[in-house]
$ cat entry.csv   # CSV, C-alpha atoms (C1' of nucleotides)
chain,number,residue,atom,x,y,z
N,2,MET,CA,0.0,0.0,0.0
N,3,ALA,CA,2.9,2.3,0.7
N,4,GLN,CA,4.2,1.3,-2.7
N,5,ALA,CA,0.9,2.2,-4.2
N,6,ARG,CA,1.1,5.7,-2.6
N,7,ASN,CA,4.5,6.1,-4.1
N,8,VAL,CA,3.3,5.2,-7.5
N,9,CYS,CA,0.5,7.7,-7.2
N,10,ARG,CA,2.8,10.4,-6.0
N,11,ALA,CA,5.2,9.8,-8.8
N,12,ARG,CA,2.5,10.1,-11.3
N,13,GLY,CA,0.6,13.0,-9.8
N,14,ALA,CA,-2.5,10.9,-9.2
N,15,ARG,CA,-4.7,10.9,-6.2
N,16,LEU,CA,-5.2,7.7,-4.2
N,17,THR,CA,-8.6,8.7,-2.8
N,18,PRO,CA,-10.3,6.7,0.0
N,19,SER,CA,-12.6,4.8,-2.4
N,20,ARG,CA,-9.8,4.0,-4.7
N,21,GLU,CA,-7.7,2.8,-1.8
N,22,ALA,CA,-10.5,0.7,-0.5
N,23,VAL,CA,-10.8,-1.1,-3.9
N,24,LEU,CA,-7.1,-1.6,-4.1
N,25,GLN,CA,-7.1,-3.1,-0.5
N,26,LEU,CA,-9.8,-5.5,-1.4
N,27,ILE,CA,-8.2,-6.6,-4.6
N,28,TRP,CA,-4.9,-7.1,-2.7
N,29,GLN,CA,-6.4,-9.0,0.2
N,30,ASN,CA,-8.0,-11.4,-2.1
N,31,HIS,CA,-5.1,-13.4,-3.5
N,32,LYS,CA,-7.1,-14.5,-6.5
N,33,PRO,CA,-8.6,-12.5,-9.3
N,34,ILE,CA,-11.9,-10.9,-8.2
N,35,GLY,CA,-14.7,-9.7,-10.3
N,36,ALA,CA,-16.2,-6.1,-10.2
N,37,TYR,CA,-19.4,-7.3,-8.7
N,38,ALA,CA,-17.8,-9.2,-5.9
N,39,LEU,CA,-15.9,-6.1,-5.1
N,40,ILE,CA,-19.1,-4.2,-5.0
N,41,GLU,CA,-20.6,-6.6,-2.5
N,42,GLN,CA,-17.6,-6.5,-0.3
N,43,LEU,CA,-17.4,-2.7,-0.4
N,44,ALA,CA,-21.1,-2.5,0.5
N,45,LYS,CA,-20.5,-4.8,3.5
N,46,LEU,CA,-17.6,-2.7,4.7
N,47,ASN,CA,-19.3,0.6,4.2
N,48,GLY,CA,-22.7,-0.5,5.4
N,49,LYS,CA,-24.4,1.1,2.4
N,50,ARG,CA,-24.8,0.0,-1.2
N,51,VAL,CA,-22.2,0.7,-3.7
N,52,LEU,CA,-23.0,1.1,-7.4
N,53,PRO,CA,-21.1,-0.2,-10.4
N,54,PRO,CA,-19.7,3.0,-11.7
N,55,THR,CA,-18.0,3.7,-8.4
N,56,VAL,CA,-16.1,0.4,-8.6
N,57,TYR,CA,-15.4,0.5,-12.3
N,58,ARG,CA,-13.9,4.0,-12.0
N,59,ALA,CA,-11.6,2.9,-9.2
N,60,ILE,CA,-10.6,-0.1,-11.3
N,61,ASP,CA,-9.9,2.0,-14.3
N,62,PHE,CA,-7.8,4.3,-12.2
N,63,LEU,CA,-5.8,1.4,-10.7
N,64,LEU,CA,-5.4,-0.3,-14.1
N,65,GLY,CA,-4.1,2.9,-15.5
N,66,LEU,CA,-1.3,3.1,-12.9
N,67,GLY,CA,-0.5,-0.5,-13.3
N,68,LEU,CA,-1.4,-1.3,-9.7
N,69,ILE,CA,-3.8,-4.0,-10.8
N,70,HIS,CA,-4.2,-6.1,-13.8
N,71,ARG,CA,-7.3,-7.3,-15.7
N,72,ILE,CA,-7.5,-11.1,-16.3
N,73,ALA,CA,-9.5,-11.0,-19.6
N,74,SER,CA,-10.4,-14.6,-19.6
N,75,LEU,CA,-12.0,-14.3,-16.2
N,76,ASN,CA,-13.4,-10.8,-16.3
N,77,SER,CA,-11.7,-10.1,-13.1
N,78,PHE,CA,-8.9,-8.2,-11.5
N,79,ILE,CA,-5.8,-8.9,-9.5
N,80,GLY,CA,-3.1,-6.9,-7.7
N,81,CYS,CA,0.2,-6.4,-9.4
N,82,PRO,CA,3.1,-7.6,-7.3
N,83,PHE,CA,5.6,-5.3,-9.1
N,84,PRO,CA,3.7,-2.1,-9.4
N,85,ASP,CA,6.5,0.1,-10.4
N,86,SER,CA,8.7,-2.0,-12.6
N,87,ALA,CA,8.0,-2.5,-16.3
N,88,HIS,CA,7.1,-6.1,-16.7
N,89,SER,CA,5.5,-8.8,-18.7
N,90,ASP,CA,1.8,-9.3,-17.8
N,91,LEU,CA,1.9,-13.1,-18.1
N,92,PHE,CA,-0.5,-15.1,-15.9
N,93,LEU,CA,-0.8,-18.7,-15.0
N,94,VAL,CA,-4.5,-19.1,-14.4
N,95,CYS,CA,-5.6,-22.3,-12.6
N,96,ARG,CA,-9.0,-23.6,-13.7
N,97,ALA,CA,-9.4,-25.6,-10.5
N,98,CYS,CA,-8.6,-23.1,-7.7
N,99,GLY,CA,-8.9,-19.8,-9.7
N,100,SER,CA,-5.5,-18.6,-8.8
N,101,ALA,CA,-3.6,-16.4,-11.2
N,102,ALA,CA,0.1,-16.2,-10.8
N,103,GLU,CA,1.9,-13.4,-12.5
N,104,CYS,CA,5.2,-14.4,-14.0
N,105,SER,CA,7.9,-12.4,-15.6
N,106,ALA,CA,9.3,-14.2,-18.5
N,107,GLU,CA,11.8,-12.4,-20.5
N,108,GLY,CA,11.8,-14.9,-23.3
N,109,ILE,CA,8.1,-14.5,-23.9
N,110,ASN,CA,8.2,-10.7,-24.1
N,111,SER,CA,11.0,-10.7,-26.6
N,112,ALA,CA,9.3,-13.4,-28.7
N,113,ILE,CA,6.2,-11.3,-28.7
N,114,ALA,CA,8.0,-8.2,-29.6
N,115,ALA,CA,9.7,-10.0,-32.5
N,116,THR,CA,6.5,-11.5,-33.8
N,117,ALA,CA,4.7,-8.2,-33.7
N,118,ALA,CA,7.7,-6.5,-35.4
N,119,ARG,CA,7.8,-9.1,-38.1
N,120,ALA,CA,4.1,-8.5,-38.8
N,121,GLY,CA,4.6,-4.7,-38.9
N,122,PHE,CA,2.3,-4.5,-35.9
N,123,THR,CA,2.8,-1.8,-33.2
N,124,ALA,CA,2.3,-3.5,-29.9
N,125,GLU,CA,0.9,-1.4,-27.1
N,126,SER,CA,-0.2,-3.8,-24.5
N,127,GLN,CA,-0.8,-7.5,-24.1
N,128,SER,CA,-2.9,-10.1,-22.4
N,129,VAL,CA,-1.1,-13.4,-22.0
N,130,GLU,CA,-3.0,-16.0,-20.0
N,131,ILE,CA,-2.1,-19.6,-19.7
N,132,LEU,CA,-4.9,-21.8,-18.5
N,133,GLY,CA,-4.4,-25.0,-16.8
N,134,LEU,CA,-3.6,-26.5,-13.4
N,135,CYS,CA,-1.4,-25.0,-10.8
N,136,PRO,CA,1.1,-27.3,-8.9
N,137,GLN,CA,-1.2,-27.7,-5.9
N,138,CYS,CA,-4.3,-28.5,-7.9
N,139,ASN,CA,-2.3,-30.7,-10.2
N,140,LEU,CA,-1.2,-32.9,-7.2
N,141,GLN,CA,-4.7,-33.1,-5.9
N,142,ALA,CA,-6.0,-34.2,-9.3
N,143,ALA,CA,-3.3,-36.9,-9.5
N,144,GLU,CA,-4.2,-38.2,-6.0
N,145,SER,CA,-7.9,-38.4,-6.7
N,146,THR,CA,-7.4,-40.6,-9.8
N,147,GLU,CA,-5.0,-43.0,-8.1
L,83,MET,CA,-16.2,-25.1,-45.0
L,84,ALA,CA,-15.1,-28.4,-46.6
L,85,GLN,CA,-12.3,-28.4,-44.2
L,86,ALA,CA,-14.7,-27.8,-41.3
L,87,ARG,CA,-16.7,-30.9,-42.5
L,88,ASN,CA,-13.6,-32.9,-42.5
L,89,VAL,CA,-12.7,-31.9,-39.0
L,90,CYS,CA,-16.2,-32.8,-37.8
L,91,ARG,CA,-16.1,-36.1,-39.6
L,92,ALA,CA,-12.7,-36.9,-38.1
L,93,ARG,CA,-14.0,-36.2,-34.6
L,94,GLY,CA,-17.4,-37.8,-35.0
L,95,ALA,CA,-19.2,-34.5,-34.5
L,96,ARG,CA,-22.2,-33.3,-36.3
L,97,LEU,CA,-22.0,-30.0,-38.2
L,98,THR,CA,-25.7,-29.3,-38.2
L,99,PRO,CA,-27.3,-26.5,-40.2
L,100,SER,CA,-27.4,-24.0,-37.3
L,101,ARG,CA,-23.8,-24.7,-36.4
L,102,GLU,CA,-22.8,-24.4,-40.0
L,103,ALA,CA,-24.7,-21.1,-40.3
L,104,VAL,CA,-22.8,-19.7,-37.3
L,105,LEU,CA,-19.5,-20.9,-38.7
L,106,GLN,CA,-20.3,-19.3,-42.1
L,107,LEU,CA,-21.1,-16.0,-40.5
L,108,ILE,CA,-17.9,-16.0,-38.4
L,109,TRP,CA,-15.9,-16.8,-41.4
L,110,GLN,CA,-17.5,-14.2,-43.7
L,111,ASN,CA,-16.7,-11.6,-41.2
L,112,HIS,CA,-13.0,-11.2,-41.3
L,113,LYS,CA,-12.8,-9.6,-37.9
L,114,PRO,CA,-13.8,-10.9,-34.5
L,115,ILE,CA,-17.6,-10.8,-34.1
L,116,GLY,CA,-19.6,-10.9,-30.9
L,117,ALA,CA,-22.3,-13.4,-30.0
L,118,TYR,CA,-25.1,-10.8,-30.2
L,119,ALA,CA,-24.0,-9.5,-33.6
L,120,LEU,CA,-24.2,-13.1,-34.8
L,121,ILE,CA,-27.7,-13.4,-33.3
L,122,GLU,CA,-28.8,-10.3,-35.3
L,123,GLN,CA,-27.3,-11.6,-38.5
L,124,LEU,CA,-28.8,-15.0,-38.1
L,125,ALA,CA,-32.2,-13.5,-37.3
L,126,LYS,CA,-31.9,-11.5,-40.5
L,127,LEU,CA,-31.0,-14.6,-42.6
L,128,ASN,CA,-33.6,-16.8,-41.1
L,129,GLY,CA,-36.3,-14.2,-41.0
L,130,LYS,CA,-37.1,-15.1,-37.4
L,131,ARG,CA,-35.6,-14.3,-34.1
L,132,VAL,CA,-32.7,-16.3,-32.7
L,133,LEU,CA,-32.1,-16.6,-29.0
L,134,PRO,CA,-28.8,-16.5,-27.2
L,135,PRO,CA,-28.5,-20.1,-26.2
L,136,THR,CA,-28.8,-21.2,-29.8
L,137,VAL,CA,-25.8,-19.2,-30.8
L,138,TYR,CA,-23.8,-19.9,-27.7
L,139,ARG,CA,-24.2,-23.6,-28.1
L,140,ALA,CA,-23.0,-23.4,-31.7
L,141,ILE,CA,-20.0,-21.3,-30.5
L,142,ASP,CA,-19.1,-23.8,-27.8
L,143,PHE,CA,-19.3,-26.6,-30.3
L,144,LEU,CA,-17.1,-24.8,-32.8
L,145,LEU,CA,-14.6,-23.7,-30.1
L,146,GLY,CA,-14.4,-27.3,-29.0
L,147,LEU,CA,-13.3,-28.4,-32.4
L,148,GLY,CA,-10.9,-25.6,-32.8
L,149,LEU,CA,-12.8,-24.2,-35.8
L,150,ILE,CA,-13.1,-20.8,-34.2
L,151,HIS,CA,-11.2,-19.0,-31.4
L,152,ARG,CA,-12.4,-16.7,-28.7
L,153,ILE,CA,-10.7,-13.3,-28.4
L,154,ALA,CA,-11.1,-12.8,-24.7
L,155,SER,CA,-10.1,-9.2,-24.7
L,156,LEU,CA,-13.0,-8.4,-27.1
L,157,ASN,CA,-15.6,-11.0,-26.0
L,158,SER,CA,-15.8,-12.1,-29.5
L,159,PHE,CA,-15.0,-14.9,-31.9
L,160,ILE,CA,-13.0,-15.4,-35.1
L,161,GLY,CA,-12.5,-18.2,-37.5
L,162,CYS,CA,-9.4,-20.3,-37.3
L,163,PRO,CA,-7.4,-20.3,-40.5
L,164,PHE,CA,-5.6,-23.6,-39.6
L,165,PRO,CA,-8.4,-25.7,-38.3
L,166,ASP,CA,-6.8,-29.0,-38.2
L,167,SER,CA,-3.2,-28.3,-37.3
L,168,ALA,CA,-2.0,-27.8,-33.7
L,169,HIS,CA,-1.0,-24.2,-33.4
L,170,SER,CA,-0.3,-21.2,-31.3
L,171,ASP,CA,-3.4,-19.1,-30.7
L,172,LEU,CA,-1.6,-15.8,-30.8
L,173,PHE,CA,-3.5,-12.8,-32.0
L,174,LEU,CA,-2.5,-9.3,-33.0
L,175,VAL,CA,-5.5,-7.3,-32.2
L,176,CYS,CA,-5.8,-3.8,-33.7
L,177,ARG,CA,-7.5,-1.2,-31.5
L,178,ALA,CA,-8.3,1.0,-34.5
L,179,CYS,CA,-9.9,-1.3,-37.0
L,180,GLY,CA,-10.7,-4.2,-34.8
L,181,SER,CA,-8.9,-6.8,-36.8
L,182,ALA,CA,-7.3,-9.8,-35.1
L,183,ALA,CA,-4.6,-11.6,-37.0
L,184,GLU,CA,-3.7,-15.1,-35.9
L,185,CYS,CA,0.0,-15.8,-36.0
L,186,SER,CA,2.0,-18.8,-35.4
L,187,ALA,CA,5.0,-18.0,-33.4
L,188,GLU,CA,7.0,-21.0,-32.4
L,189,GLY,CA,9.3,-19.0,-30.1
L,190,ILE,CA,6.4,-17.8,-28.0
L,191,ASN,CA,4.9,-21.2,-27.6
L,192,SER,CA,8.2,-22.7,-26.5
L,193,ALA,CA,8.8,-19.8,-24.1
L,194,ILE,CA,5.3,-20.3,-22.6
L,195,ALA,CA,5.8,-24.0,-22.2
L,196,ALA,CA,9.2,-23.4,-20.5
L,197,THR,CA,7.7,-20.8,-18.2
L,198,ALA,CA,4.8,-23.0,-17.2
L,199,ALA,CA,7.1,-26.0,-16.7
L,200,ARG,CA,9.4,-23.9,-14.5
L,201,ALA,CA,6.4,-22.9,-12.3
L,202,GLY,CA,5.2,-26.5,-12.1
L,203,PHE,CA,2.1,-25.4,-13.9
L,204,THR,CA,0.3,-27.8,-16.3
L,205,ALA,CA,-0.8,-25.7,-19.3
L,206,GLU,CA,-3.9,-26.7,-21.1
L,207,SER,CA,-4.8,-23.8,-23.2
L,208,GLN,CA,-3.8,-20.2,-23.7
L,209,SER,CA,-5.0,-16.8,-24.6
L,210,VAL,CA,-2.3,-14.6,-26.0
L,211,GLU,CA,-3.5,-11.3,-27.4
L,212,ILE,CA,-1.3,-8.4,-28.3
L,213,LEU,CA,-3.1,-5.1,-28.5
L,214,GLY,CA,-1.9,-2.3,-30.7
L,215,LEU,CA,-2.1,-1.0,-34.2
L,216,CYS,CA,-2.0,-3.1,-37.3
L,217,PRO,CA,0.3,-2.0,-40.2
L,218,GLN,CA,-2.6,-0.3,-42.1
L,219,CYS,CA,-3.9,1.7,-39.2
L,220,ASN,CA,-0.4,2.5,-38.1
L,221,LEU,CA,0.2,4.2,-41.4
L,222,GLN,CA,-3.0,6.1,-41.3
L,223,ALA,CA,-2.2,7.3,-37.8
L,224,ALA,CA,1.2,8.5,-38.9
L,225,GLU,CA,-0.4,10.4,-41.9
L,226,SER,CA,-3.0,12.2,-39.8
L,227,THR,CA,-0.4,13.6,-37.5
L,228,GLU,CA,2.0,14.9,-40.2
R,279,DC,C1',-9.7,33.9,1.3
R,280,DC,C1',-12.7,33.2,-2.7
R,281,DC,C1',-13.6,32.1,-7.0
R,282,DA,C1',-13.1,29.2,-11.0
R,283,DT,C1',-11.5,25.2,-13.0
R,284,DT,C1',-10.6,20.6,-12.8
R,285,DT,C1',-11.1,16.2,-10.7
R,286,DA,C1',-13.7,13.0,-8.4
R,287,DT,C1',-18.0,11.0,-6.9
R,288,DG,C1',-23.1,10.2,-6.8
R,289,DT,C1',-27.2,8.6,-9.2
R,290,DT,C1',-30.3,6.8,-12.7
R,291,DA,C1',-30.8,4.2,-16.3
R,292,DT,C1',-29.5,1.0,-19.6
R,293,DG,C1',-26.6,-1.7,-22.6
R,294,DT,C1',-24.0,-5.9,-23.4
R,295,DT,C1',-22.5,-10.6,-22.7
R,296,DA,C1',-23.5,-15.3,-21.0
R,297,DT,C1',-25.9,-19.2,-18.8
R,298,DA,C1',-29.3,-22.0,-15.9
R,299,DA,C1',-33.1,-25.0,-16.2
R,300,DC,C1',-36.4,-27.5,-18.3
R,301,DA,C1',-39.3,-28.9,-22.5
R,302,DT,C1',-39.3,-30.7,-27.0
R,303,DT,C1',-37.6,-32.7,-31.2
R,304,DC,C1',-34.5,-35.1,-34.0
R,305,DT,C1',-31.2,-38.9,-35.2
R,306,DA,C1',-28.9,-43.0,-35.4
R,307,DA,C1',-28.2,-47.4,-33.7
R,308,DA,C1',-30.0,-51.8,-31.5
J,273,DT,C1',-39.4,-49.2,-34.1
J,274,DT,C1',-38.4,-48.3,-29.9
J,275,DT,C1',-35.2,-45.9,-27.4
J,276,DA,C1',-31.2,-43.5,-25.7
J,277,DG,C1',-28.4,-39.8,-26.7
J,278,DA,C1',-27.8,-35.5,-29.0
J,279,DA,C1',-29.5,-31.3,-30.5
J,280,DT,C1',-32.6,-27.5,-30.3
J,281,DG,C1',-36.4,-24.5,-28.5
J,282,DT,C1',-38.0,-21.6,-24.8
J,283,DT,C1',-38.2,-18.8,-20.6
J,284,DA,C1',-36.0,-16.5,-17.5
J,285,DT,C1',-32.2,-14.4,-15.3
J,286,DA,C1',-27.4,-13.9,-14.0
J,287,DA,C1',-23.1,-11.4,-14.7
J,288,DC,C1',-20.4,-7.8,-16.6
J,289,DA,C1',-20.0,-2.9,-18.1
J,290,DT,C1',-20.9,2.0,-19.4
J,291,DA,C1',-23.6,6.4,-20.9
J,292,DA,C1',-25.2,10.5,-19.3
J,293,DC,C1',-26.0,13.9,-16.3
J,294,DA,C1',-25.9,15.9,-11.4
J,295,DT,C1',-23.3,17.1,-7.3
J,296,DA,C1',-19.4,17.7,-4.4
J,297,DA,C1',-14.3,18.2,-3.3
J,298,DA,C1',-9.8,19.7,-4.2
J,299,DT,C1',-6.5,22.7,-6.2
J,300,DG,C1',-4.5,26.7,-8.0
J,301,DG,C1',-4.6,31.7,-9.4
J,302,DG,C1',-5.9,36.0,-8.1
$ encode --input "entry.csv" --output "structure tokens"
Amino acid sequence: MAQARNVCRARGARLTPSREAVLQLIWQNHKPIGAYALIEQLAKLNGKRVLPPTVYRAIDFLLGLGLIHRIASLNSFIGCPFPDSAHSDLFLVCRACGSAAECSAEGINSAIAATAARAGFTAESQSVEILGLCPQCNLQAAESTE
Amino acid sequence: MAQARNVCRARGARLTPSREAVLQLIWQNHKPIGAYALIEQLAKLNGKRVLPPTVYRAIDFLLGLGLIHRIASLNSFIGCPFPDSAHSDLFLVCRACGSAAECSAEGINSAIAATAARAGFTAESQSVEILGLCPQCNLQAAESTE
DNA sequence: CCCATTTATGTTATGTTATAACATTCTAAA
DNA sequence: TTTAGAATGTTATAACATAACATAAATGGG
């Protein structure tokens, strides 16, 4: 959270209470969380109902600063563990437990850059999501079929 | 479409008229198309209204056979140019014209496989989407700012 | 300090994407 | 030709997201 404040200060952006609350919730959750789940949790915290635009605005703000990422295949959001460094946006998404581990993988980024360049395509952002089973769920799956 | 029939035959799947109609429409469109746009077009073709489950079922069927792909970042669908070969599911998605070019990029796939393996993650499928400007739109953007 | 401008939030309404659940019809094989 | 499975029809609703306009808070110039 201190890191988040730094990022905001560096970019002249205001981490208002509602934005901070959304960031907190996304962080506390260690898996991707959907906008409507956030709305429910915020409503519970605040004791009053929260409407979609409130949360979507906070999400847009946080995405813009790179403090969170969107997992497109799940329509949900997860905190970024490396908020200030440039990095690769690659996620290992487990179909069993719903976790999404962010990896940095230099080889992938350079391969993507090369592919885009070869096609004459100007890359601006990317969404790289690998779906499958995380190590824990993989073990469990193996056990249950023994 | 002949190719699609072959894929179906090979897998013992039935390419029924409604599935074929959806596949046709997705193919005719050279950009990703959303489910509700398909619904409209089908309704126009058939002269009667078409309901979401009809189209989503056809989409699920075609996705399962690899005849089409889902572009997660756009919630839409596009025909697969290599329906029977194993391949890489990498898309260059243009934010200006909405095109999505499928690329095969061996380097990326091997880098992804290596990253997943290193993390002990069992990869089953992937969604790799690069957002940016395609060559045509890039040119136009350059011209308009001259 | 006060005004004006910008930035952020509140509020209403609606648009868009996707699926659950159950009924009916079709198809192919025994 | 029955019958089991596959496919489709139908109703309803769930889940995700934004447009548009009103209000309030913060910030900077005078």
$ atom_distance --input "entry.csv" --atom1 "CA of His151 in chain L" --atom2 "CA of Cys81 in chain N"
27.8 Å
$ interface_residues --input "entry.csv" --of "chain N" --to "chain R" --cutoff "12 Å" --atoms "all atoms listed in the file" --output "list in words"
Ala14, Arg15, Leu16, Thr17, Pro18, Ser19, Arg20, Arg50, Val51, Leu52, Pro53, Pro54, Thr55, Val56, Arg58, Ala59, Phe62 and Asn76 of chain N
$ calpha_fit_and_write --input "entry.csv" --fixed "chain L" --moving "chain N" --output "short mmCIF file (atom, residue, chain, number, x, y, z; two decimals) with C-alpha atoms, in the coordinates of the input"
data_model
loop_
_atom_site.label_atom_id
_atom_site.label_comp_id
_atom_site.auth_asym_id
_atom_site.auth_seq_id
_atom_site.Cartn_x
_atom_site.Cartn_y
_atom_site.Cartn_z
CA MET N 2 -16.14 -25.06 -45.08
CA ALA N 3 -15.10 -28.33 -46.64
CA GLN N 4 -12.24 -28.32 -44.17
CA ALA N 5 -14.68 -27.81 -41.39
CA ARG N 6 -16.70 -30.88 -42.56
CA ASN N 7 -13.53 -32.87 -42.51
CA VAL N 8 -12.73 -31.84 -39.03
CA CYS N 9 -16.19 -32.82 -37.92
CA ARG N 10 -16.01 -36.13 -39.65
CA ALA N 11 -12.69 -36.91 -38.13
CA ARG N 12 -13.98 -36.21 -34.74
CA GLY N 13 -17.38 -37.83 -35.04
CA ALA N 14 -19.19 -34.53 -34.56
CA ARG N 15 -22.17 -33.29 -36.41
CA LEU N 16 -21.99 -30.03 -38.37
CA THR N 17 -25.72 -29.30 -38.18
CA PRO N 18 -27.34 -26.51 -40.25
CA SER N 19 -27.39 -24.02 -37.35
CA ARG N 20 -23.86 -24.75 -36.46
CA GLU N 21 -22.82 -24.34 -40.07
CA ALA N 22 -24.68 -21.11 -40.35
CA VAL N 23 -22.76 -19.68 -37.32
CA LEU N 24 -19.49 -20.88 -38.67
CA GLN N 25 -20.29 -19.21 -42.11
CA LEU N 26 -21.04 -15.96 -40.46
CA ILE N 27 -17.98 -15.98 -38.30
CA TRP N 28 -15.88 -16.81 -41.41
CA GLN N 29 -17.43 -14.19 -43.65
CA ASN N 30 -16.74 -11.55 -41.16
CA HIS N 31 -12.97 -11.17 -41.26
CA LYS N 32 -12.88 -9.58 -37.84
CA PRO N 33 -13.83 -10.96 -34.48
CA ILE N 34 -17.62 -10.83 -34.00
CA GLY N 35 -19.55 -10.86 -30.84
CA ALA N 36 -22.37 -13.41 -29.95
CA TYR N 37 -25.02 -10.79 -30.16
CA ALA N 38 -24.04 -9.54 -33.55
CA LEU N 39 -24.19 -13.08 -34.71
CA ILE N 40 -27.63 -13.36 -33.32
CA GLU N 41 -28.80 -10.33 -35.25
CA GLN N 42 -27.32 -11.54 -38.44
CA LEU N 43 -28.78 -15.03 -38.03
CA ALA N 44 -32.20 -13.50 -37.35
CA LYS N 45 -31.93 -11.43 -40.56
CA LEU N 46 -31.00 -14.48 -42.59
CA ASN N 47 -33.61 -16.72 -41.11
CA GLY N 48 -36.34 -14.13 -40.95
CA LYS N 49 -37.19 -15.09 -37.37
CA ARG N 50 -35.58 -14.25 -34.05
CA VAL N 51 -32.79 -16.25 -32.75
CA LEU N 52 -32.11 -16.59 -29.02
CA PRO N 53 -28.80 -16.54 -27.18
CA PRO N 54 -28.55 -20.13 -26.23
CA THR N 55 -28.82 -21.21 -29.84
CA VAL N 56 -25.77 -19.11 -30.76
CA TYR N 57 -23.76 -19.85 -27.66
CA ARG N 58 -24.21 -23.61 -28.17
CA ALA N 59 -23.01 -23.38 -31.76
CA ILE N 60 -20.05 -21.33 -30.56
CA ASP N 61 -19.19 -23.79 -27.89
CA PHE N 62 -19.35 -26.58 -30.40
CA LEU N 63 -17.09 -24.73 -32.87
CA LEU N 64 -14.65 -23.70 -30.12
CA GLY N 65 -14.44 -27.26 -29.03
CA LEU N 66 -13.32 -28.43 -32.50
CA GLY N 67 -10.95 -25.60 -32.83
CA LEU N 68 -12.78 -24.17 -35.83
CA ILE N 69 -13.08 -20.80 -34.15
CA HIS N 70 -11.27 -19.02 -31.48
CA ARG N 71 -12.47 -16.75 -28.63
CA ILE N 72 -10.73 -13.33 -28.41
CA ALA N 73 -11.04 -12.84 -24.59
CA SER N 74 -10.19 -9.22 -24.61
CA LEU N 75 -12.98 -8.48 -27.03
CA ASN N 76 -15.60 -11.00 -26.01
CA SER N 77 -15.83 -12.08 -29.53
CA PHE N 78 -15.06 -14.86 -31.91
CA ILE N 79 -13.07 -15.42 -35.05
CA GLY N 80 -12.50 -18.23 -37.56
CA CYS N 81 -9.38 -20.29 -37.28
CA PRO N 82 -7.38 -20.30 -40.48
CA PHE N 83 -5.65 -23.62 -39.60
CA PRO N 84 -8.45 -25.67 -38.23
CA ASP N 85 -6.76 -28.96 -38.21
CA SER N 86 -3.18 -28.25 -37.31
CA ALA N 87 -2.03 -27.83 -33.72
CA HIS N 88 -1.02 -24.26 -33.37
CA SER N 89 -0.32 -21.32 -31.19
CA ASP N 90 -3.43 -19.17 -30.58
CA LEU N 91 -1.57 -15.84 -30.75
CA PHE N 92 -3.51 -12.80 -32.00
CA LEU N 93 -2.55 -9.37 -33.07
CA VAL N 94 -5.59 -7.33 -32.18
CA CYS N 95 -5.80 -3.82 -33.71
CA ARG N 96 -7.52 -1.26 -31.48
CA ALA N 97 -8.26 0.99 -34.45
CA CYS N 98 -9.84 -1.34 -37.05
CA GLY N 99 -10.71 -4.34 -34.77
CA SER N 100 -8.87 -6.83 -36.82
CA ALA N 101 -7.34 -9.85 -35.17
CA ALA N 102 -4.61 -11.62 -36.99
CA GLU N 103 -3.70 -15.07 -35.87
CA CYS N 104 -0.01 -15.76 -35.94
CA SER N 105 1.93 -18.88 -35.35
CA ALA N 106 5.02 -18.15 -33.46
CA GLU N 107 7.05 -21.04 -32.46
CA GLY N 108 9.27 -19.06 -30.17
CA ILE N 109 6.37 -17.85 -28.10
CA ASN N 110 4.87 -21.30 -27.56
CA SER N 111 8.13 -22.76 -26.40
CA ALA N 112 8.79 -19.79 -24.10
CA ILE N 113 5.38 -20.31 -22.63
CA ALA N 114 5.84 -23.95 -22.21
CA ALA N 115 9.16 -23.35 -20.44
CA THR N 116 7.77 -20.72 -18.13
CA ALA N 117 4.84 -22.87 -17.16
CA ALA N 118 7.20 -25.86 -16.63
CA ARG N 119 9.50 -23.83 -14.49
CA ALA N 120 6.55 -22.80 -12.30
CA GLY N 121 5.33 -26.42 -12.01
CA PHE N 122 2.19 -25.32 -13.80
CA THR N 123 0.32 -27.70 -16.18
CA ALA N 124 -0.68 -25.67 -19.16
CA GLU N 125 -3.85 -26.67 -20.93
CA SER N 126 -4.74 -23.81 -23.10
CA GLN N 127 -3.76 -20.20 -23.62
CA SER N 128 -5.00 -16.80 -24.59
CA VAL N 129 -2.27 -14.61 -26.03
CA GLU N 130 -3.47 -11.27 -27.36
CA ILE N 131 -1.30 -8.42 -28.37
CA LEU N 132 -3.07 -5.11 -28.57
CA GLY N 133 -1.96 -2.32 -30.65
CA LEU N 134 -2.03 -1.02 -34.23
CA CYS N 135 -1.97 -3.10 -37.32
CA PRO N 136 0.27 -1.97 -40.29
CA GLN N 137 -2.61 -0.33 -42.14
CA CYS N 138 -3.94 1.57 -39.16
CA ASN N 139 -0.45 2.45 -38.10
CA LEU N 140 0.19 4.20 -41.50
CA GLN N 141 -3.06 6.04 -41.30
CA ALA N 142 -2.25 7.28 -37.80
CA ALA N 143 1.18 8.49 -38.99
CA GLU N 144 -0.39 10.36 -41.95
CA SER N 145 -2.99 12.11 -39.85
CA THR N 146 -0.38 13.57 -37.46
CA GLU N 147 1.91 14.81 -40.22
#
$ closest_residue --input "entry.csv" --among "N:Ala87, N:Ile109, N:Ala38, N:Leu43" --to "chain J" --atoms "only C-alpha atoms (C1' of nucleotides)"
N:Ala38
$ interface_residues --input "entry.csv" --of "chain L" --to "chain N" --cutoff "6 Å" --atoms "only C-alpha atoms" --output "ChimeraX atom specification"
/L:154-155,189-190,193,202-217
$ closest_atom_pairs --input "entry.csv" --of "chain J" --to "chain L" --cutoff "9 Å" --atoms "all atoms listed in the file" --output "tab-separated table"
residue	atom	partner	partner_atom	distance
J:DA279	C1'	L:Thr98	CA	8.8
J:DT280	C1'	L:Thr136	CA	7.4
J:DG281	C1'	L:Thr136	CA	8.4
J:DT282	C1'	L:Leu133	CA	8.8
$ closest_residue --input "entry.csv" --among "L:Phe159, L:Tyr138, L:Phe164, L:Trp109" --to "Gln85 in chain L" --atoms "only C-alpha atoms"
L:Phe164
